[in-house]
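Asks: For reference, the structure I am asking about is given below.
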Amino acid sequence: MKQLQANTICYANPILPGFYPDPSIVKAEEYFYLICSSFEYFPGVPIFRSPDLIHWEQIGNVLDRISQLDLTGQKSSDGIYAPTLRYHEGIFYMITTDVRGIGNFYVTATNPAGPWSDPIRIPYGGIDPSLFFDNDGKVYVTAQQGADYDSHAIQYEIDIATGEALSEPHVVWHGDGGPWTEGPHLYKINGLYYMMSASGGTAKEHREIIGRSDRPYGPFERYPEPILTHRHLDHPIQYLGHADLVEDHHGDWWAVFLGVRLTEDGYSVLGRETFLAPVVWNEGWPHMDNNEGIVSLDM
């Protein structure tokens with residue numbers, strides 16, 4: 001990491017090279033913590049720690065025993081999809097989908113290095129569940145439902161102690177009209193609720209989109225353009241999307257997301273990796289990498 005001038009840091013992307021897709025991130029006290037999908041591999045859901053968003057060390061795996069994750073008989077691209085990591089009142093929560101196993105569930109820990117609890121199952125949603133803790137004490141699950149062009153986000157309230165649904169699921173987000181509205185996250189920032197998700201699938205059309213509302217169930221006003229994508233560029237990094245937002249120690253915002261470094265013939269050696277970009281707010285909307293939506297290997 002090279003210090004260029006006051007408040008300016010040069011760093012290299014990806015921040016986690018290799019097979020680290022679908023990143024999710026939180027800040028807890030002086031550290032940042034990040035997790036990724038692990039699919040059919042065991043132990044599941046690697047967890048990393050960093051003091052500065054750039055230098056990461058793996059401190060364990062969230063799912064490291066059979067009582068949490070039994071992958072017997074699961075095949076390639078089965079297993080654990082798109083986990084979300086959240087931190088609330090001293091407790092870490094990891095929510096995810098065992099796609100061919102027990103479905104959607106979450107586990108908890110007071111120490112992110114473990115041990116983590118056995119799964120607490122939740123009733124609704126297809127894949128990619130996320131948790132949101134509101135200021136009034138309510139806890140919401142937001143999850144992807146449906147397939148292809150019928151893919152959308154549902155949302156409902158749960159009892160965080162038991163996983164019991166306290167409301168019926170409501171459709172809250174249809175994306176931008178493209179296929180595969182996935183990885184939805186709900187945030188509350190400066191008094192507004194933001195619904196952010198991926199769209200377009202995990203290849204060339206992959207993109208990140210966002211909407212906002214004054215209520216957690218919307219309706220959400222969608223920003224008219226993707227806030228992150230390289231689909232229109234001849235660029236060595238492609239397939240950008242499936243992002244998560246975090247505020248740093250200084251009040252600045254960042255996004256982690258997956259991307260793929262393509263070879264000249266259009267293939268990838270290392271698969272989906274974890275990238276980092278600054279987030280700039282403009283008239284209440286977040287834009288990744290200074291309003292241009294372009295992510296570089298050297299930032």
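Simple scheme: letters A, B, ... for chains in structure tokens order, numbers from 1 for residues in each chain, numbers from 1 for ligands in the order shown.
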Counting only C-alpha atoms, what is within 8 Å of stretch 191-195 of chain A, bar same-chain residues fewer than 4 positions away, as a list in words?
Replies: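 So, after excluding close chain neighbours, the residues are Trp173, Pro184, His185, Leu186, Tyr187, Ile210, Gly211, Arg212, Ser213, Asp214, Arg215, Pro216 and Phe220 of chain A.
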Asks: Which residues, written as a list in words, have at least one atom at most 9 Å from stretch 226-235 of chain A, with only C-alpha atoms counted and residues fewer than 6 positions away on the same chain left out?
Replies: Asp176, Ala203, Lys204, Glu205, His206, Arg207, Glu208, Ile209, Ile210, Gly241, Ala243, Leu262, Trp285, Pro286, His287, Met288, Asp289, Asn291, Glu292, Gly293, Ile294, Val295 and Ser296 of chain A
Asks: Excluding stretch 81-91 of chain A and any residue of its chain fewer than 3 positions from it, enumerate the residues within 9 Å of it, using only C-alpha atoms, and give them as a count of residues only.
Replies: 40
Asks: My list of candidates is A:Phe275, A:Trp56, A:Trp116, A:Phe105. Which is closest to A:Phe32 when distances are computed with only C-alpha atoms?
Replies: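 Checking each of A:Phe275, A:Trp56, A:Trp116, A:Phe105 against A:Phe32, counting only C-alpha atoms, the winner is A:Trp56.
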Asks: Do you have the atom CA of A:His250-atom CA of A:Trp281 distance handy?
Replies: 14.7 Å
Asks: Which parts of stretch 44-291 of chain A does DSSP call strand (DSSP E) when run on the backbone here, written out as number ranges by chain?
Replies: A: 44-50, 57-63, 80-88, 91-98, 103-109, 120-121, 127-133, 139-145, 152-158, 170-173, 182-189, 192-199, 207-213, 221-222, 237-247, 253-262, 268-282, 285-288
Asks: Counting only C-alpha atoms, which of A:Gly251, A:Gly177, A:Gly201, A:Pro43 gets nearest to A:Ser67?
Replies: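 Distance minimum relative to A:Ser67 lands on A:Pro43.
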Asks: Provide the atom CA of A:His55 to atom CA of A:Pro115 distance in Å, to one decimal place.
Replies: 23.6 Å
Asks: Would you mind listing what lies within 10 Å of A:Gly101 as a PDB file with all heavy atoms, in the first residue's frame, with only C-alpha atoms counted and same-chain residues fewer than 2 positions away left out?
Replies:
ATOM      1  N   LEU A  69     -23.225 -27.976   8.303  1.00  0.00           N
ATOM      2  CA  LEU A  69     -23.229 -28.105   6.846  1.00  0.00           C
ATOM      3  C   LEU A  69     -22.832 -29.516   6.451  1.00  0.00           C
ATOM      4  O   LEU A  69     -21.683 -29.925   6.650  1.00  0.00           O
ATOM      5  CB  LEU A  69     -22.244 -27.095   6.234  1.00  0.00           C
ATOM      6  CG  LEU A  69     -22.059 -27.135   4.728  1.00  0.00           C
ATOM      7  CD1 LEU A  69     -23.353 -26.755   4.017  1.00  0.00           C
ATOM      8  CD2 LEU A  69     -20.928 -26.198   4.297  1.00  0.00           C
ATOM      9  N   ASP A  70     -23.784 -30.237   5.887  1.00  0.00           N
ATOM     10  CA  ASP A  70     -23.530 -31.587   5.403  1.00  0.00           C
ATOM     11  C   ASP A  70     -23.636 -31.570   3.878  1.00  0.00           C
ATOM     12  O   ASP A  70     -24.726 -31.440   3.319  1.00  0.00           O
ATOM     13  CB  ASP A  70     -24.536 -32.563   6.001  1.00  0.00           C
ATOM     14  CG  ASP A  70     -24.233 -34.015   5.629  1.00  0.00           C
ATOM     15  OD1 ASP A  70     -23.327 -34.241   4.800  1.00  0.00           O
ATOM     16  OD2 ASP A  70     -24.916 -34.915   6.157  1.00  0.00           O
ATOM     17  N   LEU A  71     -22.501 -31.688   3.214  1.00  0.00           N
ATOM     18  CA  LEU A  71     -22.452 -31.593   1.761  1.00  0.00           C
ATOM     19  C   LEU A  71     -22.432 -32.962   1.081  1.00  0.00           C
ATOM     20  O   LEU A  71     -22.122 -33.058  -0.107  1.00  0.00           O
ATOM     21  CB  LEU A  71     -21.223 -30.791   1.331  1.00  0.00           C
ATOM     22  CG  LEU A  71     -21.231 -29.316   1.742  1.00  0.00           C
ATOM     23  CD1 LEU A  71     -19.882 -28.674   1.442  1.00  0.00           C
ATOM     24  CD2 LEU A  71     -22.342 -28.563   1.022  1.00  0.00           C
ATOM     25  N   THR A  72     -22.789 -33.991   1.810  1.00  0.00           N
ATOM     26  CA  THR A  72     -22.792 -35.338   1.245  1.00  0.00           C
ATOM     27  C   THR A  72     -23.661 -35.401  -0.004  1.00  0.00           C
ATOM     28  O   THR A  72     -24.839 -35.022   0.020  1.00  0.00           O
ATOM     29  CB  THR A  72     -23.316 -36.351   2.274  1.00  0.00           C
ATOM     30  OG1 THR A  72     -22.518 -36.275   3.446  1.00  0.00           O
ATOM     31  CG2 THR A  72     -23.276 -37.758   1.712  1.00  0.00           C
ATOM     32  N   GLY A  73     -23.080 -35.836  -1.103  1.00  0.00           N
ATOM     33  CA  GLY A  73     -23.828 -35.995  -2.339  1.00  0.00           C
ATOM     34  C   GLY A  73     -24.013 -34.732  -3.158  1.00  0.00           C
ATOM     35  O   GLY A  73     -24.564 -34.790  -4.258  1.00  0.00           O
ATOM     36  N   GLN A  74     -23.562 -33.586  -2.652  1.00  0.00           N
ATOM     37  CA  GLN A  74     -23.728 -32.354  -3.416  1.00  0.00           C
ATOM     38  C   GLN A  74     -22.643 -32.248  -4.488  1.00  0.00           C
ATOM     39  O   GLN A  74     -21.505 -32.653  -4.293  1.00  0.00           O
ATOM     40  CB  GLN A  74     -23.709 -31.148  -2.487  1.00  0.00           C
ATOM     41  CG  GLN A  74     -24.856 -31.187  -1.476  1.00  0.00           C
ATOM     42  CD  GLN A  74     -25.321 -29.809  -1.084  1.00  0.00           C
ATOM     43  OE1 GLN A  74     -25.251 -28.864  -1.859  1.00  0.00           O
ATOM     44  NE2 GLN A  74     -25.845 -29.686   0.127  1.00  0.00           N
ATOM     45  N   ASP A  78     -23.313 -26.708  -6.263  1.00  0.00           N
ATOM     46  CA  ASP A  78     -24.295 -26.860  -5.192  1.00  0.00           C
ATOM     47  C   ASP A  78     -23.712 -26.245  -3.917  1.00  0.00           C
ATOM     48  O   ASP A  78     -22.724 -25.527  -3.959  1.00  0.00           O
ATOM     49  CB  ASP A  78     -24.620 -28.338  -4.968  1.00  0.00           C
ATOM     50  CG  ASP A  78     -25.445 -28.948  -6.093  1.00  0.00           C
ATOM     51  OD1 ASP A  78     -25.931 -28.182  -6.947  1.00  0.00           O
ATOM     52  OD2 ASP A  78     -25.597 -30.175  -6.115  1.00  0.00           O
ATOM     53  N   GLY A  79     -24.326 -26.547  -2.783  1.00  0.00           N
ATOM     54  CA  GLY A  79     -23.774 -26.104  -1.509  1.00  0.00           C
ATOM     55  C   GLY A  79     -24.184 -24.699  -1.132  1.00  0.00           C
ATOM     56  O   GLY A  79     -25.346 -24.317  -1.263  1.00  0.00           O
ATOM     57  N   ILE A  80     -23.214 -23.906  -0.672  1.00  0.00           N
ATOM     58  CA  ILE A  80     -23.479 -22.605  -0.055  1.00  0.00           C
ATOM     59  C   ILE A  80     -23.441 -21.488  -1.085  1.00  0.00           C
ATOM     60  O   ILE A  80     -22.431 -21.255  -1.744  1.00  0.00           O
ATOM     61  CB  ILE A  80     -22.463 -22.328   1.063  1.00  0.00           C
ATOM     62  CG1 ILE A  80     -22.675 -23.296   2.224  1.00  0.00           C
ATOM     63  CG2 ILE A  80     -22.576 -20.887   1.536  1.00  0.00           C
ATOM     64  CD1 ILE A  80     -24.028 -23.169   2.895  1.00  0.00           C
ATOM     65  N   THR A  97     -27.739 -19.719   1.994  1.00  0.00           N
ATOM     66  CA  THR A  97     -28.554 -20.801   1.465  1.00  0.00           C
ATOM     67  C   THR A  97     -27.702 -22.041   1.238  1.00  0.00           C
ATOM     68  O   THR A  97     -26.677 -21.972   0.554  1.00  0.00           O
ATOM     69  CB  THR A  97     -29.187 -20.396   0.109  1.00  0.00           C
ATOM     70  OG1 THR A  97     -29.842 -19.152   0.246  1.00  0.00           O
ATOM     71  CG2 THR A  97     -30.173 -21.454  -0.353  1.00  0.00           C
ATOM     72  N   ASP A  98     -28.127 -23.160   1.811  1.00  0.00           N
ATOM     73  CA  ASP A  98     -27.601 -24.480   1.440  1.00  0.00           C
ATOM     74  C   ASP A  98     -28.550 -24.994   0.362  1.00  0.00           C
ATOM     75  O   ASP A  98     -29.581 -25.583   0.653  1.00  0.00           O
ATOM     76  CB  ASP A  98     -27.564 -25.392   2.654  1.00  0.00           C
ATOM     77  CG  ASP A  98     -27.042 -26.783   2.337  1.00  0.00           C
ATOM     78  OD1 ASP A  98     -26.662 -27.027   1.181  1.00  0.00           O
ATOM     79  OD2 ASP A  98     -27.045 -27.636   3.242  1.00  0.00           O
ATOM     80  N   VAL A  99     -28.188 -24.758  -0.899  1.00  0.00           N
ATOM     81  CA  VAL A  99     -29.169 -24.799  -1.978  1.00  0.00           C
ATOM     82  C   VAL A  99     -29.765 -26.183  -2.216  1.00  0.00           C
ATOM     83  O   VAL A  99     -30.934 -26.295  -2.599  1.00  0.00           O
ATOM     84  CB  VAL A  99     -28.557 -24.212  -3.269  1.00  0.00           C
ATOM     85  CG1 VAL A  99     -27.499 -25.132  -3.846  1.00  0.00           C
ATOM     86  CG2 VAL A  99     -29.625 -23.916  -4.301  1.00  0.00           C
ATOM     87  N   GLY A 103     -31.700 -25.402   2.878  1.00  0.00           N
ATOM     88  CA  GLY A 103     -32.298 -24.149   2.429  1.00  0.00           C
ATOM     89  C   GLY A 103     -31.699 -22.949   3.129  1.00  0.00           C
ATOM     90  O   GLY A 103     -30.495 -22.898   3.410  1.00  0.00           O
ATOM     91  N   ASN A 104     -32.539 -21.957   3.461  1.00  0.00           N
ATOM     92  CA  ASN A 104     -32.067 -20.705   4.045  1.00  0.00           C
ATOM     93  C   ASN A 104     -31.942 -20.828   5.564  1.00  0.00           C
ATOM     94  O   ASN A 104     -32.847 -21.332   6.238  1.00  0.00           O
ATOM     95  CB  ASN A 104     -33.026 -19.566   3.701  1.00  0.00           C
ATOM     96  CG  ASN A 104     -32.956 -19.187   2.238  1.00  0.00           C
ATOM     97  OD1 ASN A 104     -31.907 -19.281   1.617  1.00  0.00           O
ATOM     98  ND2 ASN A 104     -34.067 -18.758   1.675  1.00  0.00           N
TER      99      ASN A 104
END
Asks: My list of candidates is A:Ile66, A:Ile9, A:Val246, A:Leu240. Which is closest to A:Ile54 when distances are computed with only C-alpha atoms?
Replies: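 So, comparing all the options, the nearest one is A:Ile9.
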Asks: Calculate how many Å separate atom CA of A:Lys138 from atom CA of A:Ile154, rounding to one decimal.
Replies: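 Between atom CA of A:Lys138 and atom CA of A:Ile154 the gap is 16.1 Å.
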Asks: Calculated over only C-alpha atoms, which of the candidates A:Pro278, A:Gly284, A:Gly266, A:Pro224 has the smallest distance to A:Cys10?
Replies: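 The shortest atom-to-atom distance to A:Cys10 comes from A:Pro278.
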Asks: Under the rule that only C-alpha atoms are counted, which of A:Pro51, A:Met299, A:Val280, A:Thr274 is the nearest residue to A:Leu16?
Replies: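 Ranking A:Pro51, A:Met299, A:Val280, A:Thr274 by distance to A:Leu16, first place goes to A:Thr274.
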Asks: Pick out the closest residue to A:Gly125 from this set: A:Thr162, A:Gln145, A:Thr181, A:Thr8. Count only C-alpha atoms.
Replies: A:Gln145
